[in-house]
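*Asks:* Contents of structure04.txt (compact mmCIF, C-alpha atoms):
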# COMPACT_ATOMS: atom_id res chain seq x y z
CA MET A 12 -169.38 -53.79 -13.28
CA LYS A 13 -166.65 -55.90 -14.88
CA LYS A 14 -168.38 -55.51 -18.24
CA THR A 15 -168.35 -51.74 -17.74
CA ILE A 16 -164.61 -51.81 -17.06
CA ASN A 17 -164.05 -53.99 -20.14
CA SER A 18 -166.07 -51.55 -22.26
CA PHE A 19 -164.02 -48.65 -20.92
CA GLN A 20 -160.82 -50.55 -21.74
CA ASN A 21 -162.11 -51.11 -25.29
CA THR A 22 -162.87 -47.39 -25.58
CA LEU A 23 -159.35 -46.55 -24.42
CA ASP A 24 -157.92 -48.98 -26.98
CA THR A 25 -159.52 -46.94 -29.76
CA VAL A 26 -157.77 -43.73 -28.63
CA GLN A 27 -154.98 -42.72 -30.98
CA ILE A 28 -151.58 -42.80 -29.31
CA GLY A 29 -149.41 -42.08 -32.33
CA ARG A 30 -148.95 -45.74 -33.27
CA ALA A 31 -151.04 -47.75 -35.68
CA HIS A 32 -153.40 -50.28 -34.12
CA PRO A 33 -156.48 -51.90 -35.70
CA LYS A 34 -158.56 -51.17 -32.61
CA MET A 35 -158.40 -47.47 -33.52
CA LEU A 36 -160.99 -48.22 -36.18
CA GLU A 37 -163.13 -50.50 -34.04
CA ASN A 38 -165.95 -47.98 -33.48
CA ILE A 39 -166.20 -46.91 -37.10
CA SER A 40 -169.11 -48.30 -39.09
CA LEU A 41 -170.24 -48.05 -42.68
CA GLU A 42 -173.43 -48.90 -44.52
CA TYR A 43 -173.28 -52.40 -45.98
CA TYR A 44 -176.38 -53.80 -47.67
CA GLY A 45 -178.63 -51.48 -45.69
CA ASN A 46 -177.06 -52.15 -42.28
CA MET A 47 -174.41 -50.27 -40.34
CA VAL A 48 -171.50 -52.64 -39.72
CA PRO A 49 -168.00 -52.17 -38.28
CA ILE A 50 -165.17 -51.90 -40.79
CA ALA A 51 -163.66 -55.11 -39.43
CA GLN A 52 -166.73 -57.04 -40.66
CA VAL A 53 -166.25 -55.99 -44.29
CA ALA A 54 -162.46 -55.79 -44.53
CA THR A 55 -159.17 -56.99 -43.15
CA ILE A 56 -157.26 -54.42 -41.11
CA THR A 57 -153.50 -54.91 -40.87
CA ILE A 58 -150.55 -52.91 -39.59
CA ILE A 59 -148.02 -52.07 -42.31
CA ASN A 60 -145.69 -50.25 -39.94
CA TYR A 61 -146.04 -48.45 -36.64
CA GLN A 62 -147.62 -45.44 -38.37
CA THR A 63 -149.75 -46.98 -41.14
CA LEU A 64 -152.82 -49.20 -41.21
CA SER A 65 -153.95 -51.05 -44.30
CA ILE A 66 -157.62 -51.87 -44.86
CA SER A 67 -158.36 -54.50 -47.51
CA PRO A 68 -162.10 -54.64 -48.20
CA TRP A 69 -163.55 -57.93 -49.35
CA GLU A 70 -165.54 -56.05 -52.01
CA LYS A 71 -163.93 -53.24 -54.01
CA LYS A 72 -167.10 -51.15 -53.88
CA ASN A 73 -166.45 -50.58 -50.16
CA LEU A 74 -163.16 -48.70 -50.69
CA VAL A 75 -164.84 -45.30 -50.91
CA LYS A 76 -167.35 -46.16 -48.16
CA ILE A 77 -164.53 -47.09 -45.78
CA LYS A 78 -162.62 -43.89 -46.53
CA LYS A 79 -165.75 -41.79 -46.06
CA ALA A 80 -166.67 -43.56 -42.77
CA ILE A 81 -163.22 -42.81 -41.33
CA LEU A 82 -163.39 -39.17 -42.41
CA VAL A 83 -166.93 -38.72 -41.04
CA LYS A 84 -165.88 -40.11 -37.65
CA ASN A 85 -163.48 -37.12 -37.40
CA ILE A 86 -160.80 -38.83 -35.34
CA GLY A 87 -157.88 -37.01 -36.95
CA LEU A 88 -157.11 -39.65 -39.59
CA ASN A 89 -156.86 -38.99 -43.34
CA PRO A 90 -157.26 -42.28 -45.27
CA VAL A 91 -156.00 -42.65 -48.83
CA ILE A 92 -157.21 -45.14 -51.43
CA SER A 93 -154.31 -46.93 -53.10
CA GLU A 94 -155.27 -49.56 -55.68
CA ASP A 95 -157.30 -52.20 -53.80
CA ILE A 96 -156.66 -50.98 -50.26
CA VAL A 97 -157.28 -48.01 -48.02
CA LEU A 98 -154.11 -46.75 -46.36
CA VAL A 99 -154.55 -44.92 -43.07
CA PRO A 100 -151.43 -43.01 -42.06
CA ILE A 101 -151.32 -42.26 -38.35
CA PRO A 102 -150.00 -38.74 -37.84
CA PRO A 103 -147.59 -38.12 -34.99
CA LEU A 104 -149.39 -36.61 -32.04
CA SER A 105 -148.92 -32.91 -31.54
CA GLU A 106 -149.05 -31.48 -28.05
CA ASP A 107 -152.53 -30.07 -28.74
CA ARG A 108 -153.77 -33.42 -30.04
CA ARG A 109 -152.40 -35.16 -26.94
CA LYS A 110 -154.33 -32.73 -24.74
CA GLU A 111 -157.48 -33.31 -26.82
CA MET A 112 -157.10 -37.06 -26.39
CA ILE A 113 -156.69 -36.70 -22.62
CA LYS A 114 -159.84 -34.54 -22.45
CA PHE A 115 -161.66 -37.19 -24.48
CA ILE A 116 -160.47 -39.91 -22.09
CA TYR A 117 -161.74 -37.99 -19.06
CA LYS A 118 -165.08 -37.32 -20.76
CA GLU A 119 -165.50 -41.01 -21.64
CA ALA A 120 -164.39 -42.07 -18.16
CA GLU A 121 -167.15 -40.00 -16.61
CA LYS A 122 -169.73 -41.85 -18.71
CA PHE A 123 -168.43 -45.15 -17.40
CA ARG A 124 -168.32 -43.87 -13.81
CA ILE A 125 -171.99 -42.91 -14.15
CA SER A 126 -172.68 -46.38 -15.48
CA LEU A 127 -171.03 -47.93 -12.42
CA ARG A 128 -173.05 -45.69 -10.11
CA ASN A 129 -176.23 -46.69 -11.93
CA ILE A 130 -175.38 -50.36 -11.42
CA ARG A 131 -174.84 -49.63 -7.72
CA ARG A 132 -178.21 -47.87 -7.49
CA ASP A 133 -180.03 -50.64 -9.37
CA THR A 134 -178.48 -53.30 -7.14
CA LYS A 135 -179.51 -51.46 -3.99
CA ASN A 136 -183.04 -51.05 -5.32
CA TYR A 137 -183.19 -54.75 -6.18
CA ILE A 138 -182.15 -55.69 -2.64
CA LYS A 139 -184.71 -53.28 -1.18
CA GLU A 140 -187.36 -54.91 -3.35
CA LEU A 141 -186.38 -58.36 -2.07
CA ILE A 142 -186.60 -57.07 1.51
CA ARG A 143 -189.99 -55.53 0.80
CA LYS A 144 -191.17 -58.93 -0.47
CA LYS A 145 -189.86 -60.47 2.79
CA ILE A 146 -187.34 -62.67 0.97
CA PHE A 147 -184.52 -61.16 3.04
CA SER A 148 -184.46 -59.45 6.40
CA ASP A 149 -183.55 -55.79 6.94
CA ASP A 150 -180.09 -56.81 8.17
CA VAL A 151 -179.18 -57.90 4.66
CA LEU A 152 -179.64 -54.34 3.37
CA TYR A 153 -177.11 -52.85 5.77
CA SER A 154 -174.45 -55.50 5.19
CA SER A 155 -174.95 -55.55 1.43
CA GLU A 156 -174.82 -51.75 1.10
CA LYS A 157 -171.27 -51.71 2.40
CA GLN A 158 -170.25 -54.55 0.07
CA ILE A 159 -171.85 -52.84 -2.91
CA GLN A 160 -170.12 -49.55 -2.10
CA ASP A 161 -166.77 -51.30 -1.65
CA LEU A 162 -167.17 -52.98 -5.05
CA THR A 163 -168.17 -49.70 -6.66
CA ASN A 164 -165.13 -47.96 -5.15
CA LYS A 165 -162.89 -50.76 -6.40
CA PHE A 166 -164.15 -50.42 -9.96
CA LEU A 167 -164.05 -46.61 -9.87
CA GLU A 168 -160.43 -46.90 -8.80
CA GLU A 169 -159.80 -49.28 -11.69
CA ILE A 170 -161.15 -46.66 -14.10
CA ASN A 171 -158.75 -44.12 -12.57
CA ASN A 172 -155.85 -46.55 -12.99
CA LEU A 173 -156.72 -47.15 -16.64
CA ILE A 174 -156.87 -43.38 -17.21
CA ASP A 175 -153.44 -42.94 -15.63
CA ILE A 176 -151.91 -45.68 -17.78
CA LYS A 177 -153.34 -44.26 -21.02
CA LYS A 178 -152.43 -40.70 -20.00
CA ASN A 179 -148.83 -41.73 -19.34
CA ILE A 180 -148.65 -43.39 -22.78
CA LEU A 181 -150.05 -40.25 -24.45
CA LEU A 182 -147.70 -37.88 -22.65
CA LYS A 183 -144.55 -39.84 -23.57
CA LYS A 184 -142.90 -38.35 -26.58
Once you've parsed the file, please lay out its structure as structure tokens.

*Replies:*
Amino acid sequence: MKKTINSFQNTLDTVQIGRAHPKMLENISLEYYGNMVPIAQVATITIINYQTLSISPWEKKNLVKIKKAILVKNIGLNPVISEDIVLVPIPPLSEDRRKEMIKFIYKEAEKFRISLRNIRRDTKNYIKELIRKKIFSDDVLYSSEKQIQDLTNKFLEEINNLIDIKKNILLKK
């Protein structure tokens, strides 16, 4: 469940908030020698200022591939090739874009909530299997179900807290 929360946090880190951050490009991949690899594995991503990222590929032939990968991802960024680097200006967030980002966050959050519920279900089934094999008594099921549900509730609440934090950042102007 902690891994699920960490994955959700990483997803939130990629959400554009109007400021440049290398993690915004974390989920963007390009073809490199027949494999799809993240941009960070073929280039150095740096922050020039709070609204511009600079991507310096290790091989010049990747300039166009990086630009195309960012455009294909359709995350509202318009990269520009300038000499040996790709510049990615981060546009200020309009009110509509902020609302889109919040909808995206809620949609992604639901995927992670489902993942937590699946972990809960799998854990309960595992305990039932151990009881069926007579490794544990029936009492273990009842006590563990409450603990599992409490843990699930705790992590679901953590997802809600992360949503609130990111939403507050997006809504600040």

*Asks:* So how many Å separate CA of Lys122 in chain A and CA of Ala31 in chain A, to one decimal?

*Replies:*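 CA of Ala31 in chain A lies 25.9 Å from CA of Lys122 in chain A.
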
*Asks:* Just the residues within 12 Å of Ile180 in chain A, please, counting all atoms listed in the file, with nothing from its chain fewer than 4 positions along; format it as a PyMOL selection string.

*Replies:* chain A and resi 23-24+26-30+104+109+112-113+173-176+184

*Asks:* One number please: CA of Ala51 in chain A to CA of Lys84 in chain A, in Å, one decimal.

*Replies:*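 Separating CA of Ala51 in chain A from CA of Lys84 in chain A is a distance of 15.3 Å.
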
*Asks:* Could you tell me how far CA of Thr22 in chain A sits from CA of Arg124 in chain A, in Å to one decimal place?

*Replies:*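 Interatomic distance here is 13.4 Å.
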
*Asks:* With distances taken over all atoms listed in the file, which residue among A:Leu182, A:Ile56, A:Leu88, A:Ile96 lies nearest Leu74 in chain A?

*Replies:*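 Of the candidates, the smallest distance to Leu74 in chain A is held by A:Ile96.
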
*Asks:* Which one of A:Ser65, A:Asn46, A:Ser155, A:Ser126 sits closest to Lys139 in chain A if you count all atoms listed in the file?

*Replies:* A:Ser155

*Asks:* Could you check the closest approach to Gln160 in chain A for each of A:Leu127, A:Val48, A:Ile16, A:Leu82 and tell me which residue wins, using all atoms listed in the file?

*Replies:*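 Result for the nearest residue to Gln160 in chain A: A:Leu127.
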
*Asks:* I'd like the neighbourhood of Tyr153 in chain A as a PyMOL selection string, where a residue qualifies if any of its atoms comes within 12 Å (using only C-alpha atoms), though same-chain residues fewer than 6 positions away should be ignored.

*Replies:* chain A and resi 135+138-139+142+147+159-160

*Asks:* Give me the residues within 12 Å of Gln52 in chain A as a CSV table (one decimal) with C-alpha atoms, in the frame of the given file, counting all atoms listed in the file and dropping any in the same chain fewer than 6 places off.

*Replies:*
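Result went into result36.csv, see below:
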chain,number,residue,atom,x,y,z
A,36,LEU,CA,-161.0,-48.2,-36.2
A,37,GLU,CA,-163.1,-50.5,-34.0
A,38,ASN,CA,-166.0,-48.0,-33.5
A,39,ILE,CA,-166.2,-46.9,-37.1
A,40,SER,CA,-169.1,-48.3,-39.1
A,41,LEU,CA,-170.2,-48.0,-42.7
A,42,GLU,CA,-173.4,-48.9,-44.5
A,43,TYR,CA,-173.3,-52.4,-46.0
A,46,ASN,CA,-177.1,-52.2,-42.3
A,66,ILE,CA,-157.6,-51.9,-44.9
A,67,SER,CA,-158.4,-54.5,-47.5
A,68,PRO,CA,-162.1,-54.6,-48.2
A,69,TRP,CA,-163.6,-57.9,-49.4
A,70,GLU,CA,-165.5,-56.0,-52.0
A,73,ASN,CA,-166.4,-50.6,-50.2
A,77,ILE,CA,-164.5,-47.1,-45.8

*Asks:* For Tyr117 in chain A, which residue among A:Lys178, A:Ser105, A:Glu94, A:Lys145 is the nearest when counting all atoms listed in the file?

*Replies:*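 The shortest atom-to-atom distance to Tyr117 in chain A comes from A:Lys178.
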